[in-house]
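Visitor: Okay, handing you the structure first.
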Amino acid sequence: MSTKLRLTLPLALTIGVLAFAYVEFAANFSFHWVTSGSLGNGLDMPAKFHLVIPAAFLTWGMFFVLGANNEAAKLVSINCVLGALCGLLLFFMIHEIKKAPDFWGISLSVGVIAFVVVMATALSDLVNVPTIFVSFAGTIFWWLATGADGWVPGSPTHNPAGVVTALKAGTTAGSGAFSGVLSTPYGFVALNMGVTMLIGVVFGVASARIAAVITPKTPEAAAADEHAEGARPSPA
């Protein structure tokens, strides 16, 4: 096995195991543990507060893109919350400006928020536009997938009995995904995305630290560590 493969294997194993653990936890949390009633098919309807399984991988990836260190964890945590809050602001603006079927309210709101986010970089180095855009876009995607509450009239239903009836009849139970199973008020869309993306940061930090512990030292890395140790001042 080449040196590069041998050094990559611990990180790949760590991420694979943690990804399995995260998805298993998040799926059970949303469809078995914290729910709003049985769907009659062995699953329960997720409560308004639920974990958005793909969302954690957005921030998990951004953590590694920004360096996989403490500074990256801080930046991603701050900016994924900002991205979710931008999503919440967007939904409120859409609700107040214009409803379906026109799109101009969405377009105008996105343009205004994007302008403000980029201008905010001049005020603070803590504002990271790529991370905000990724989390903002993810929040919008989940809003669309769960019924676009505030833009589409009559959504969400979030009614287990209505969903079961619709599933049996083969008709839709609302505008949300999976025949209305995931219909979610827009406030909870932003909350669910924000919390899940923060969980992604936690798993990113865990994967980096565990991998660092179990990755074998190369001769070059060992020599560097020894040199750094020798360069430290002796205690008085």
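Please note that chains go A, B, ... in the order of the structure tokens, that every chain numbers its residues from 1, and that ligands are numbered from 1 in the order shown.
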Would you please extract all strand (DSSP E) residues from segment 34-190 of chain A, as assigned by DSSP on the backbone, and give them as a PyMOL selection string?
Guide: chain A and resi 35-38+44-46
Visitor: Export C-alpha atoms of the chosen residues as a short mmCIF file (atom, residue, chain, number, x, y, z; two decimals), in the first residue's frame?
Guide:
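Contents of the output file out24.cif:
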```
data_model
loop_
_atom_site.label_atom_id
_atom_site.label_comp_id
_atom_site.auth_asym_id
_atom_site.auth_seq_id
_atom_site.Cartn_x
_atom_site.Cartn_y
_atom_site.Cartn_z
CA THR A 35 -42.58 12.57 15.93
CA SER A 36 -46.14 13.80 15.46
CA GLY A 37 -48.02 10.51 15.08
CA SER A 38 -47.94 7.23 13.22
CA ASP A 44 -43.97 8.16 12.19
CA MET A 45 -44.44 11.66 10.85
CA PRO A 46 -41.47 13.84 11.81
#
```
Visitor: Write out as a tab-separated table the residues of segment 70-98 of chain A that have any atom within 10 Å of an atom of segment 138-156 of chain A, one row each with the nearest atom pair and its distance in Å to one decimal, counting only C-alpha atoms, sorted by chain and then rising number.
Guide:
```
residue	atom	partner	partner_atom	distance
A:Cys80	CA	A:Thr139	CA	9.8
A:Gly83	CA	A:Thr139	CA	7.7
A:Ala84	CA	A:Thr139	CA	6.0
A:Leu85	CA	A:Thr139	CA	9.1
A:Cys86	CA	A:Thr139	CA	8.8
A:Gly87	CA	A:Thr139	CA	5.8
A:Leu88	CA	A:Thr139	CA	8.4
A:Leu90	CA	A:Ile140	CA	8.6
A:Phe91	CA	A:Gly150	CA	6.7
A:Phe92	CA	A:Gly150	CA	7.6
A:Met93	CA	A:Gly150	CA	9.3
A:Ile94	CA	A:Trp151	CA	6.5
A:His95	CA	A:Gly150	CA	4.7
A:Glu96	CA	A:Gly150	CA	8.4
A:Ile97	CA	A:Trp151	CA	9.5
A:Lys98	CA	A:Trp151	CA	7.3
```
Visitor: Given the selection you just returned, output its residues as a file containing N, CA and C atoms, formatted as a PDB file, in the first residue's frame.
Guide:
```pdb
ATOM      1  N   CYS A  80     -22.888  29.176   9.335  1.00  0.00           N
ATOM      2  CA  CYS A  80     -24.045  28.338   9.022  1.00  0.00           C
ATOM      3  C   CYS A  80     -25.282  28.857   9.749  1.00  0.00           C
ATOM      4  N   GLY A  83     -26.372  31.775   7.726  1.00  0.00           N
ATOM      5  CA  GLY A  83     -27.052  31.315   6.517  1.00  0.00           C
ATOM      6  C   GLY A  83     -28.482  30.894   6.791  1.00  0.00           C
ATOM      7  N   ALA A  84     -28.698  30.181   7.919  1.00  0.00           N
ATOM      8  CA  ALA A  84     -30.063  29.779   8.284  1.00  0.00           C
ATOM      9  C   ALA A  84     -30.915  30.997   8.616  1.00  0.00           C
ATOM     10  N   LEU A  85     -30.317  31.997   9.279  1.00  0.00           N
ATOM     11  CA  LEU A  85     -31.054  33.227   9.599  1.00  0.00           C
ATOM     12  C   LEU A  85     -31.384  34.015   8.333  1.00  0.00           C
ATOM     13  N   CYS A  86     -30.467  33.988   7.370  1.00  0.00           N
ATOM     14  CA  CYS A  86     -30.766  34.619   6.083  1.00  0.00           C
ATOM     15  C   CYS A  86     -31.949  33.920   5.415  1.00  0.00           C
ATOM     16  N   GLY A  87     -31.991  32.598   5.543  1.00  0.00           N
ATOM     17  CA  GLY A  87     -33.128  31.852   5.009  1.00  0.00           C
ATOM     18  C   GLY A  87     -34.421  32.267   5.683  1.00  0.00           C
ATOM     19  N   LEU A  88     -34.381  32.391   7.019  1.00  0.00           N
ATOM     20  CA  LEU A  88     -35.579  32.812   7.760  1.00  0.00           C
ATOM     21  C   LEU A  88     -36.029  34.199   7.320  1.00  0.00           C
ATOM     22  N   LEU A  90     -35.477  35.552   4.410  1.00  0.00           N
ATOM     23  CA  LEU A  90     -36.030  35.384   3.064  1.00  0.00           C
ATOM     24  C   LEU A  90     -37.480  34.932   3.128  1.00  0.00           C
ATOM     25  N   PHE A  91     -37.768  33.917   3.957  1.00  0.00           N
ATOM     26  CA  PHE A  91     -39.127  33.382   4.035  1.00  0.00           C
ATOM     27  C   PHE A  91     -40.102  34.445   4.542  1.00  0.00           C
ATOM     28  N   PHE A  92     -39.653  35.239   5.513  1.00  0.00           N
ATOM     29  CA  PHE A  92     -40.507  36.307   6.041  1.00  0.00           C
ATOM     30  C   PHE A  92     -40.771  37.351   4.965  1.00  0.00           C
ATOM     31  N   MET A  93     -39.731  37.723   4.235  1.00  0.00           N
ATOM     32  CA  MET A  93     -39.892  38.725   3.172  1.00  0.00           C
ATOM     33  C   MET A  93     -40.832  38.222   2.089  1.00  0.00           C
ATOM     34  N   ILE A  94     -40.675  36.945   1.714  1.00  0.00           N
ATOM     35  CA  ILE A  94     -41.537  36.362   0.694  1.00  0.00           C
ATOM     36  C   ILE A  94     -42.985  36.361   1.155  1.00  0.00           C
ATOM     37  N   HIS A  95     -43.180  36.003   2.413  1.00  0.00           N
ATOM     38  CA  HIS A  95     -44.542  35.940   2.964  1.00  0.00           C
ATOM     39  C   HIS A  95     -45.202  37.314   2.949  1.00  0.00           C
ATOM     40  N   GLU A  96     -44.396  38.350   3.190  1.00  0.00           N
ATOM     41  CA  GLU A  96     -44.945  39.703   3.270  1.00  0.00           C
ATOM     42  C   GLU A  96     -45.076  40.373   1.901  1.00  0.00           C
ATOM     43  N   ILE A  97     -44.192  40.003   0.956  1.00  0.00           N
ATOM     44  CA  ILE A  97     -44.169  40.701  -0.336  1.00  0.00           C
ATOM     45  C   ILE A  97     -45.183  40.128  -1.320  1.00  0.00           C
ATOM     46  N   LYS A  98     -45.074  38.860  -1.602  1.00  0.00           N
ATOM     47  CA  LYS A  98     -45.890  38.278  -2.661  1.00  0.00           C
ATOM     48  C   LYS A  98     -45.972  36.774  -2.499  1.00  0.00           C
TER      49      LYS A  98
END
```
Visitor: Calculate how many Å separate atom CA of Ala206 of chain A from atom CA of Ala68 of chain A, rounding to one decimal.
Guide: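 Those two atoms sit 10.2 Å apart.
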Visitor: Mind checking DSSP for chain A and telling me the helix (DSSP H, G or I) residues as a PyMOL selection string?
Guide: chain A and resi 3-33+55-65+70-97+104-120+129-145+160-169+177-180+186-214+219-231
Visitor: Only C-alpha atoms, please: the residues just picked out, written as a compact mmCIF listing (two decimals), in the first residue's frame.
Guide:
```txt
# COMPACT_ATOMS: atom_id res chain seq x y z
CA THR A 3 2.15 5.97 1.72
CA LYS A 4 -0.66 8.23 0.51
CA LEU A 5 -3.23 5.43 0.74
CA ARG A 6 -1.96 4.39 4.17
CA LEU A 7 -2.30 7.96 5.45
CA THR A 8 -5.76 8.45 3.89
CA LEU A 9 -7.23 5.20 5.20
CA PRO A 10 -7.67 6.33 8.86
CA LEU A 11 -9.57 9.46 7.81
CA ALA A 12 -11.74 7.51 5.36
CA LEU A 13 -12.59 4.89 7.99
CA THR A 14 -13.32 7.54 10.59
CA ILE A 15 -15.62 9.52 8.31
CA GLY A 16 -17.35 6.36 7.11
CA VAL A 17 -18.11 5.16 10.63
CA LEU A 18 -19.22 8.59 11.84
CA ALA A 19 -21.38 9.12 8.74
CA PHE A 20 -23.14 5.82 9.44
CA ALA A 21 -23.65 6.75 13.09
CA TYR A 22 -24.97 10.22 12.20
CA VAL A 23 -27.46 9.04 9.55
CA GLU A 24 -28.71 6.24 11.81
CA PHE A 25 -29.23 8.70 14.68
CA ALA A 26 -30.82 11.44 12.55
CA ALA A 27 -33.21 9.07 10.74
CA ASN A 28 -34.41 7.48 13.97
CA PHE A 29 -34.70 10.89 15.63
CA SER A 30 -36.95 12.21 12.87
CA PHE A 31 -39.02 9.12 12.01
CA HIS A 32 -39.21 7.18 15.30
CA TRP A 33 -38.24 9.19 18.38
CA ALA A 55 -27.70 19.29 5.93
CA ALA A 56 -24.95 18.13 8.27
CA PHE A 57 -22.83 17.04 5.32
CA LEU A 58 -22.87 20.62 3.99
CA THR A 59 -21.08 21.99 7.05
CA TRP A 60 -19.03 18.84 7.54
CA GLY A 61 -17.57 19.44 4.09
CA MET A 62 -17.12 23.20 4.61
CA PHE A 63 -15.18 22.46 7.81
CA PHE A 64 -12.61 20.54 5.78
CA VAL A 65 -12.61 23.11 2.98
CA ASN A 70 -10.42 25.19 15.40
CA GLU A 71 -10.66 28.36 13.32
CA ALA A 72 -12.56 26.49 10.62
CA ALA A 73 -14.98 25.10 13.22
CA LYS A 74 -15.62 28.62 14.54
CA LEU A 75 -16.11 30.13 11.10
CA VAL A 76 -18.43 27.38 9.86
CA SER A 77 -20.49 27.44 13.08
CA ILE A 78 -21.01 31.21 12.94
CA ASN A 79 -21.73 31.35 9.23
CA CYS A 80 -24.04 28.34 9.02
CA VAL A 81 -26.21 30.04 11.66
CA LEU A 82 -26.06 33.26 9.64
CA GLY A 83 -27.05 31.31 6.52
CA ALA A 84 -30.06 29.78 8.28
CA LEU A 85 -31.05 33.23 9.60
CA CYS A 86 -30.77 34.62 6.08
CA GLY A 87 -33.13 31.85 5.01
CA LEU A 88 -35.58 32.81 7.76
CA LEU A 89 -35.40 36.45 6.66
CA LEU A 90 -36.03 35.38 3.06
CA PHE A 91 -39.13 33.38 4.03
CA PHE A 92 -40.51 36.31 6.04
CA MET A 93 -39.89 38.73 3.17
CA ILE A 94 -41.54 36.36 0.69
CA HIS A 95 -44.54 35.94 2.96
CA GLU A 96 -44.95 39.70 3.27
CA ILE A 97 -44.17 40.70 -0.34
CA TRP A 104 -40.44 38.17 -8.28
CA GLY A 105 -40.74 38.29 -4.49
CA ILE A 106 -38.32 35.38 -4.15
CA SER A 107 -35.90 36.85 -6.69
CA LEU A 108 -35.90 40.31 -5.11
CA SER A 109 -35.46 38.94 -1.59
CA VAL A 110 -32.54 36.69 -2.60
CA GLY A 111 -30.85 39.61 -4.38
CA VAL A 112 -31.18 41.94 -1.40
CA ILE A 113 -29.90 39.34 1.07
CA ALA A 114 -26.95 38.39 -1.16
CA PHE A 115 -25.97 42.07 -1.42
CA VAL A 116 -26.10 42.54 2.35
CA VAL A 117 -24.10 39.36 3.03
CA VAL A 118 -21.27 40.36 0.69
CA MET A 119 -21.17 43.92 2.06
CA ALA A 120 -20.95 42.49 5.59
CA VAL A 129 -19.54 34.28 2.14
CA PRO A 130 -19.09 30.73 0.72
CA THR A 131 -20.29 29.12 3.96
CA ILE A 132 -23.24 31.50 4.25
CA PHE A 133 -24.20 30.86 0.63
CA VAL A 134 -23.99 27.08 1.09
CA SER A 135 -26.11 27.10 4.26
CA PHE A 136 -28.51 29.72 2.84
CA ALA A 137 -29.01 27.64 -0.31
CA GLY A 138 -29.49 24.48 1.75
CA THR A 139 -32.13 26.22 3.86
CA ILE A 140 -33.97 27.40 0.74
CA PHE A 141 -33.80 23.88 -0.72
CA TRP A 142 -35.38 22.41 2.41
CA TRP A 143 -38.05 25.11 2.36
CA LEU A 144 -38.93 24.12 -1.21
CA ALA A 145 -38.86 20.40 -0.40
CA PRO A 160 -50.62 12.57 10.28
CA ALA A 161 -54.24 11.52 9.76
CA GLY A 162 -54.47 13.42 6.49
CA VAL A 163 -51.18 11.97 5.29
CA VAL A 164 -52.28 8.38 6.08
CA THR A 165 -55.58 8.91 4.22
CA ALA A 166 -53.77 10.38 1.22
CA LEU A 167 -51.20 7.57 1.16
CA LYS A 168 -53.98 4.96 1.14
CA ALA A 169 -55.86 6.83 -1.56
CA ALA A 177 -42.19 16.23 0.22
CA PHE A 178 -43.28 12.59 0.52
CA SER A 179 -46.98 13.43 0.08
CA GLY A 180 -46.90 16.03 2.83
CA TYR A 186 -40.91 28.12 7.48
CA GLY A 187 -39.71 29.08 10.98
CA PHE A 188 -38.99 25.44 11.72
CA VAL A 189 -37.30 25.02 8.33
CA ALA A 190 -34.67 27.58 9.36
CA LEU A 191 -34.40 26.16 12.90
CA ASN A 192 -34.07 22.57 11.71
CA MET A 193 -31.42 23.47 9.16
CA GLY A 194 -29.43 25.59 11.61
CA VAL A 195 -29.35 22.90 14.30
CA THR A 196 -28.52 20.10 11.86
CA MET A 197 -25.72 22.10 10.24
CA LEU A 198 -24.19 22.73 13.68
CA ILE A 199 -24.30 18.98 14.27
CA GLY A 200 -22.37 18.62 11.02
CA VAL A 201 -19.62 20.86 12.43
CA VAL A 202 -19.42 18.63 15.52
CA PHE A 203 -19.01 15.53 13.37
CA GLY A 204 -16.43 17.32 11.23
CA VAL A 205 -14.33 18.17 14.29
CA ALA A 206 -14.72 14.63 15.64
CA SER A 207 -13.64 13.04 12.36
CA ALA A 208 -10.55 15.26 12.10
CA ARG A 209 -9.45 14.65 15.68
CA ILE A 210 -10.04 10.90 15.68
CA ALA A 211 -8.25 10.53 12.37
CA ALA A 212 -5.30 12.53 13.68
CA VAL A 213 -4.96 10.15 16.63
CA ILE A 214 -5.05 6.92 14.62
CA PRO A 219 9.31 9.59 9.25
CA GLU A 220 9.07 13.19 8.05
CA ALA A 221 6.24 14.02 10.48
CA ALA A 222 8.02 12.31 13.36
CA ALA A 223 11.19 14.28 12.63
CA ALA A 224 9.21 17.52 12.52
CA ASP A 225 7.58 16.74 15.87
CA GLU A 226 10.95 15.92 17.41
CA HIS A 227 12.40 19.18 16.07
CA ALA A 228 9.44 21.15 17.45
CA GLU A 229 9.82 19.48 20.83
CA GLY A 230 13.50 20.35 20.94
CA ALA A 231 12.76 23.94 20.00
```
